[in-house]
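Trainee: First the structure, then my questions, so here it is.
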Amino acid sequence: MELKGCIFDLDGVIVDTAKYHFLAWKRLADELGFEFTEENNEALKGVSRMASLEILLSVGGIKKSTAEKELLATRKNNWYVEFISKMTPEEILPGSVELLRRLRSVGIHTAIGSASKNAGMILDRIGISQLFDVIVDGHKIAHAKPDPEVFLKGAEELGIAPSCCVVFEDAVAGVEAALAGGMKCVGIGDKNRLSKADLVVPDLTDITIEKLRKL
Ligand code: G6P
Ligand code: MG
């Protein structure tokens, strides 16, 4: 492919905030009186806050009104923000900064494409906002992954055709979003779970520009 832009999901690709999302959702489930496991949590990865709450409530077999759901989502988010407000640059996942610098040094543009409304805060805490030309987060989009909106908006803001972009994703919904947007996708994590991706790697350490151009 003709590689011009790389779009990175944030949670689970650049930082392991999935563990904080899990702890906050689990605390909510505990309060509501049911068990919520790490396996249950897989289905929430890449999914918007309200859609995640719907999945959580269905795991517990619980029905709530719209107003109650708003309160529960805010409760969860307050706990989550407590965790991420303490994040440091040491929590940046291996290979991320090196890859971003290498891409930019050869003129390949970089973007964040995240469903999170907390993406700005996380990037501030870990101090790498300057390594991205464009940041598309949960405030800028109406449709959650697997809808391709977040990545298409990233490509549009970069001024690059989707076919010249590679997306890095750890969530099944995110891989589907990238492919639906006509982009190549590198899955970060488990080969079986992310089998639809064009390439799956455990983390960003072994990614080279040559490998990306061959996608
Ligand atoms: C990311 C995470 C999801 C999270 C979503 C919304 O996509 O992978 O687990 O639910 O962002 O995050 P927010 O910080 O806005 O609640
Ligand atoms: Mg993710």
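Just remember, in the structure tokens the first chain shown is A, the second B, etc., residues are 1-based per chain, and ligands are 1-based in the order shown.
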So which residues touch Asp137 (chain A) within 12 Å, counting only C-alpha atoms, skipping near sequence neighbours fewer than 2 positions away, as a PyMOL selection string?
Mentor: chain A and resi 7-11+46+48+111-123+134-135+139-145+149-151+153-154
Trainee: Generate the output file for the selected residues, N, CA and C atoms, as a tab-separated table (two decimals), in the first residue's frame.
Mentor:
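Written out: out_16.tsv:
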chain	number	residue	atom	x	y	z
A	7	ILE	N	-3.28	5.79	12.04
A	7	ILE	CA	-4.26	6.22	13.04
A	7	ILE	C	-4.25	5.21	14.18
A	8	PHE	N	-4.04	5.72	15.39
A	8	PHE	CA	-3.90	4.85	16.56
A	8	PHE	C	-5.11	4.96	17.48
A	9	ASP	N	-5.66	3.80	17.82
A	9	ASP	CA	-6.58	3.76	18.95
A	9	ASP	C	-5.72	4.08	20.18
A	10	LEU	N	-6.33	4.58	21.24
A	10	LEU	CA	-5.54	4.97	22.43
A	10	LEU	C	-5.54	3.87	23.49
A	11	ASP	N	-6.75	3.57	24.00
A	11	ASP	CA	-6.88	2.59	25.10
A	11	ASP	C	-6.52	1.19	24.60
A	46	GLY	N	-13.31	-0.78	23.22
A	46	GLY	CA	-13.57	-0.01	22.01
A	46	GLY	C	-14.99	0.50	21.90
A	48	SER	N	-18.42	2.53	23.16
A	48	SER	CA	-18.66	3.81	23.85
A	48	SER	C	-19.16	3.59	25.28
A	111	ALA	N	-2.33	10.10	13.81
A	111	ALA	CA	-3.57	10.57	14.45
A	111	ALA	C	-3.98	9.61	15.56
A	112	ILE	N	-4.78	10.14	16.48
A	112	ILE	CA	-5.47	9.30	17.47
A	112	ILE	C	-6.91	9.16	17.00
A	113	GLY	N	-7.43	7.94	17.04
A	113	GLY	CA	-8.84	7.70	16.74
A	113	GLY	C	-9.42	6.89	17.89
A	114	SER	N	-9.99	7.61	18.87
A	114	SER	CA	-10.46	6.94	20.09
A	114	SER	C	-11.91	7.28	20.38
A	115	ALA	N	-12.65	6.29	20.91
A	115	ALA	CA	-14.05	6.53	21.29
A	115	ALA	C	-14.14	7.25	22.62
A	116	SER	N	-13.01	7.42	23.30
A	116	SER	CA	-13.05	7.93	24.68
A	116	SER	C	-13.20	9.45	24.75
A	117	LYS	N	-14.04	9.88	25.68
A	117	LYS	CA	-14.17	11.31	25.95
A	117	LYS	C	-13.07	11.76	26.91
A	118	ASN	N	-12.30	10.81	27.41
A	118	ASN	CA	-11.19	11.14	28.32
A	118	ASN	C	-9.83	11.10	27.62
A	119	ALA	N	-9.84	10.96	26.28
A	119	ALA	CA	-8.57	10.81	25.55
A	119	ALA	C	-7.64	12.01	25.79
A	120	GLY	N	-8.19	13.22	25.78
A	120	GLY	CA	-7.38	14.43	25.96
A	120	GLY	C	-6.66	14.42	27.29
A	121	MET	N	-7.38	14.01	28.33
A	121	MET	CA	-6.79	13.97	29.67
A	121	MET	C	-5.67	12.94	29.75
A	122	ILE	N	-5.90	11.77	29.15
A	122	ILE	CA	-4.87	10.72	29.17
A	122	ILE	C	-3.62	11.20	28.43
A	123	LEU	N	-3.82	11.80	27.24
A	123	LEU	CA	-2.66	12.27	26.47
A	123	LEU	C	-1.90	13.36	27.23
A	134	VAL	N	-3.29	14.94	14.53
A	134	VAL	CA	-4.74	15.07	14.67
A	134	VAL	C	-5.21	14.19	15.83
A	135	ILE	N	-6.17	14.69	16.61
A	135	ILE	CA	-6.75	13.86	17.67
A	135	ILE	C	-8.27	13.84	17.51
A	139	HIS	N	-15.60	13.06	21.81
A	139	HIS	CA	-16.38	14.31	21.72
A	139	HIS	C	-16.69	14.68	20.27
A	140	LYS	N	-15.90	14.13	19.33
A	140	LYS	CA	-16.02	14.55	17.94
A	140	LYS	C	-16.88	13.62	17.08
A	141	ILE	N	-17.35	12.53	17.67
A	141	ILE	CA	-18.06	11.54	16.85
A	141	ILE	C	-19.46	11.23	17.41
A	142	ALA	N	-20.32	10.80	16.49
A	142	ALA	CA	-21.69	10.45	16.89
A	142	ALA	C	-21.90	8.94	16.90
A	143	HIS	N	-21.11	8.23	16.11
A	143	HIS	CA	-21.32	6.78	15.97
A	143	HIS	C	-20.12	6.01	16.50
A	144	ALA	N	-20.39	5.07	17.42
A	144	ALA	CA	-19.30	4.31	18.04
A	144	ALA	C	-18.80	3.21	17.12
A	145	LYS	N	-17.53	2.79	17.31
A	145	LYS	CA	-17.00	1.61	16.62
A	145	LYS	C	-17.96	0.45	16.89
A	149	GLU	N	-16.79	5.87	11.57
A	149	GLU	CA	-16.74	7.35	11.66
A	149	GLU	C	-15.45	7.90	12.28
A	150	VAL	N	-15.03	7.33	13.42
A	150	VAL	CA	-13.87	7.89	14.12
A	150	VAL	C	-12.60	7.86	13.26
A	151	PHE	N	-12.43	6.77	12.49
A	151	PHE	CA	-11.24	6.66	11.65
A	151	PHE	C	-11.37	7.47	10.36
A	153	LYS	N	-12.98	10.21	10.09
A	153	LYS	CA	-12.77	11.59	10.49
A	153	LYS	C	-11.27	11.86	10.68
A	154	GLY	N	-10.58	10.87	11.24
A	154	GLY	CA	-9.13	10.99	11.40
A	154	GLY	C	-8.45	11.17	10.06
Trainee: Just list the residues in chain A DSSP gives strand (DSSP E or B) on the backbone, as a list in words.
Mentor: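 Across chain A, those assigned strand (DSSP E or B) are Gly5, Cys6, Ile7, Phe8, Asp11, Val15, Ile92, His109, Thr110, Ala111, Ile112, Gly113, Val134, Ile135, Val136, Cys165, Val166, Val167, Phe168, Glu169, Lys184, Cys185, Val186, Gly187, Ile188, Leu199, Val200 and Val201 of chain A.
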Trainee: With distances taken over only C-alpha atoms and all ligand atoms, which residue among A:Lys4, A:Arg49, A:Arg27, A:Lys63 lies nearest ligand 1?
Mentor: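 Using only C-alpha atoms and all ligand atoms, the shortest distance to ligand 1 belongs to A:Arg49.
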Trainee: Do a neighbour search on region 102-109 of chain A at 9 Å with only C-alpha atoms, toss out local chain neighbours closer than 5 positions, and write the hits as number ranges by chain.
Mentor: A: 3-7, 97, 131-134, 158, 160, 208-209
Trainee: Restrict the selected residues to N, CA and C atoms and save them as a compact mmCIF listing (two decimals), in the first residue's frame.
Mentor:
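Result written to result_14.txt:
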# COMPACT_ATOMS: atom_id res chain seq x y z
N LEU A 3 1.63 4.12 1.94
CA LEU A 3 1.41 4.52 3.34
C LEU A 3 1.65 6.01 3.55
N LYS A 4 0.57 6.71 3.93
CA LYS A 4 0.70 8.16 4.18
C LYS A 4 0.31 8.55 5.60
N GLY A 5 -0.57 7.74 6.23
CA GLY A 5 -1.03 8.10 7.57
C GLY A 5 -1.25 6.88 8.45
N CYS A 6 -1.00 7.06 9.75
CA CYS A 6 -1.27 6.00 10.71
C CYS A 6 -2.20 6.54 11.78
N ILE A 7 -3.28 5.79 12.04
CA ILE A 7 -4.26 6.22 13.04
C ILE A 7 -4.25 5.21 14.18
N VAL A 97 6.28 5.20 21.43
CA VAL A 97 6.95 6.48 21.16
C VAL A 97 7.95 6.32 20.02
N LEU A 131 3.04 14.22 19.47
CA LEU A 131 3.41 13.19 18.48
C LEU A 131 2.25 12.87 17.52
N PHE A 132 1.13 13.61 17.67
CA PHE A 132 -0.02 13.38 16.79
C PHE A 132 -0.41 14.67 16.06
N ASP A 133 -0.64 14.53 14.75
CA ASP A 133 -1.08 15.69 13.96
C ASP A 133 -2.54 16.00 14.24
N VAL A 134 -3.29 14.94 14.53
CA VAL A 134 -4.74 15.07 14.67
C VAL A 134 -5.21 14.19 15.83
N LEU A 158 -6.56 14.48 8.59
CA LEU A 158 -5.16 14.39 8.14
C LEU A 158 -5.05 14.81 6.67
N ILE A 160 -5.84 12.72 4.16
CA ILE A 160 -5.28 11.53 3.50
C ILE A 160 -6.42 10.56 3.17
N THR A 208 7.65 -2.29 11.74
CA THR A 208 8.56 -1.46 10.93
C THR A 208 7.75 -0.83 9.80
N ILE A 209 8.28 0.23 9.24
CA ILE A 209 7.59 0.92 8.15
C ILE A 209 7.50 -0.01 6.93
Trainee: When distances are computed from only C-alpha atoms, which of A:Asp124, A:Phe168, A:Ile14, A:Arg75 shows the smallest separation from Met183 (chain A)?
Mentor: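 Going through A:Asp124, A:Phe168, A:Ile14, A:Arg75 one by one, the smallest distance to Met183 (chain A) is for A:Phe168.
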Trainee: If you run DSSP on the backbone, which residues of region 86-205 of chain A are helix (DSSP H, G or I), as a PyMOL selection string?
Mentor: chain A and resi 89-91+96-105+119-126+129-131+149-158+162-164+172-180
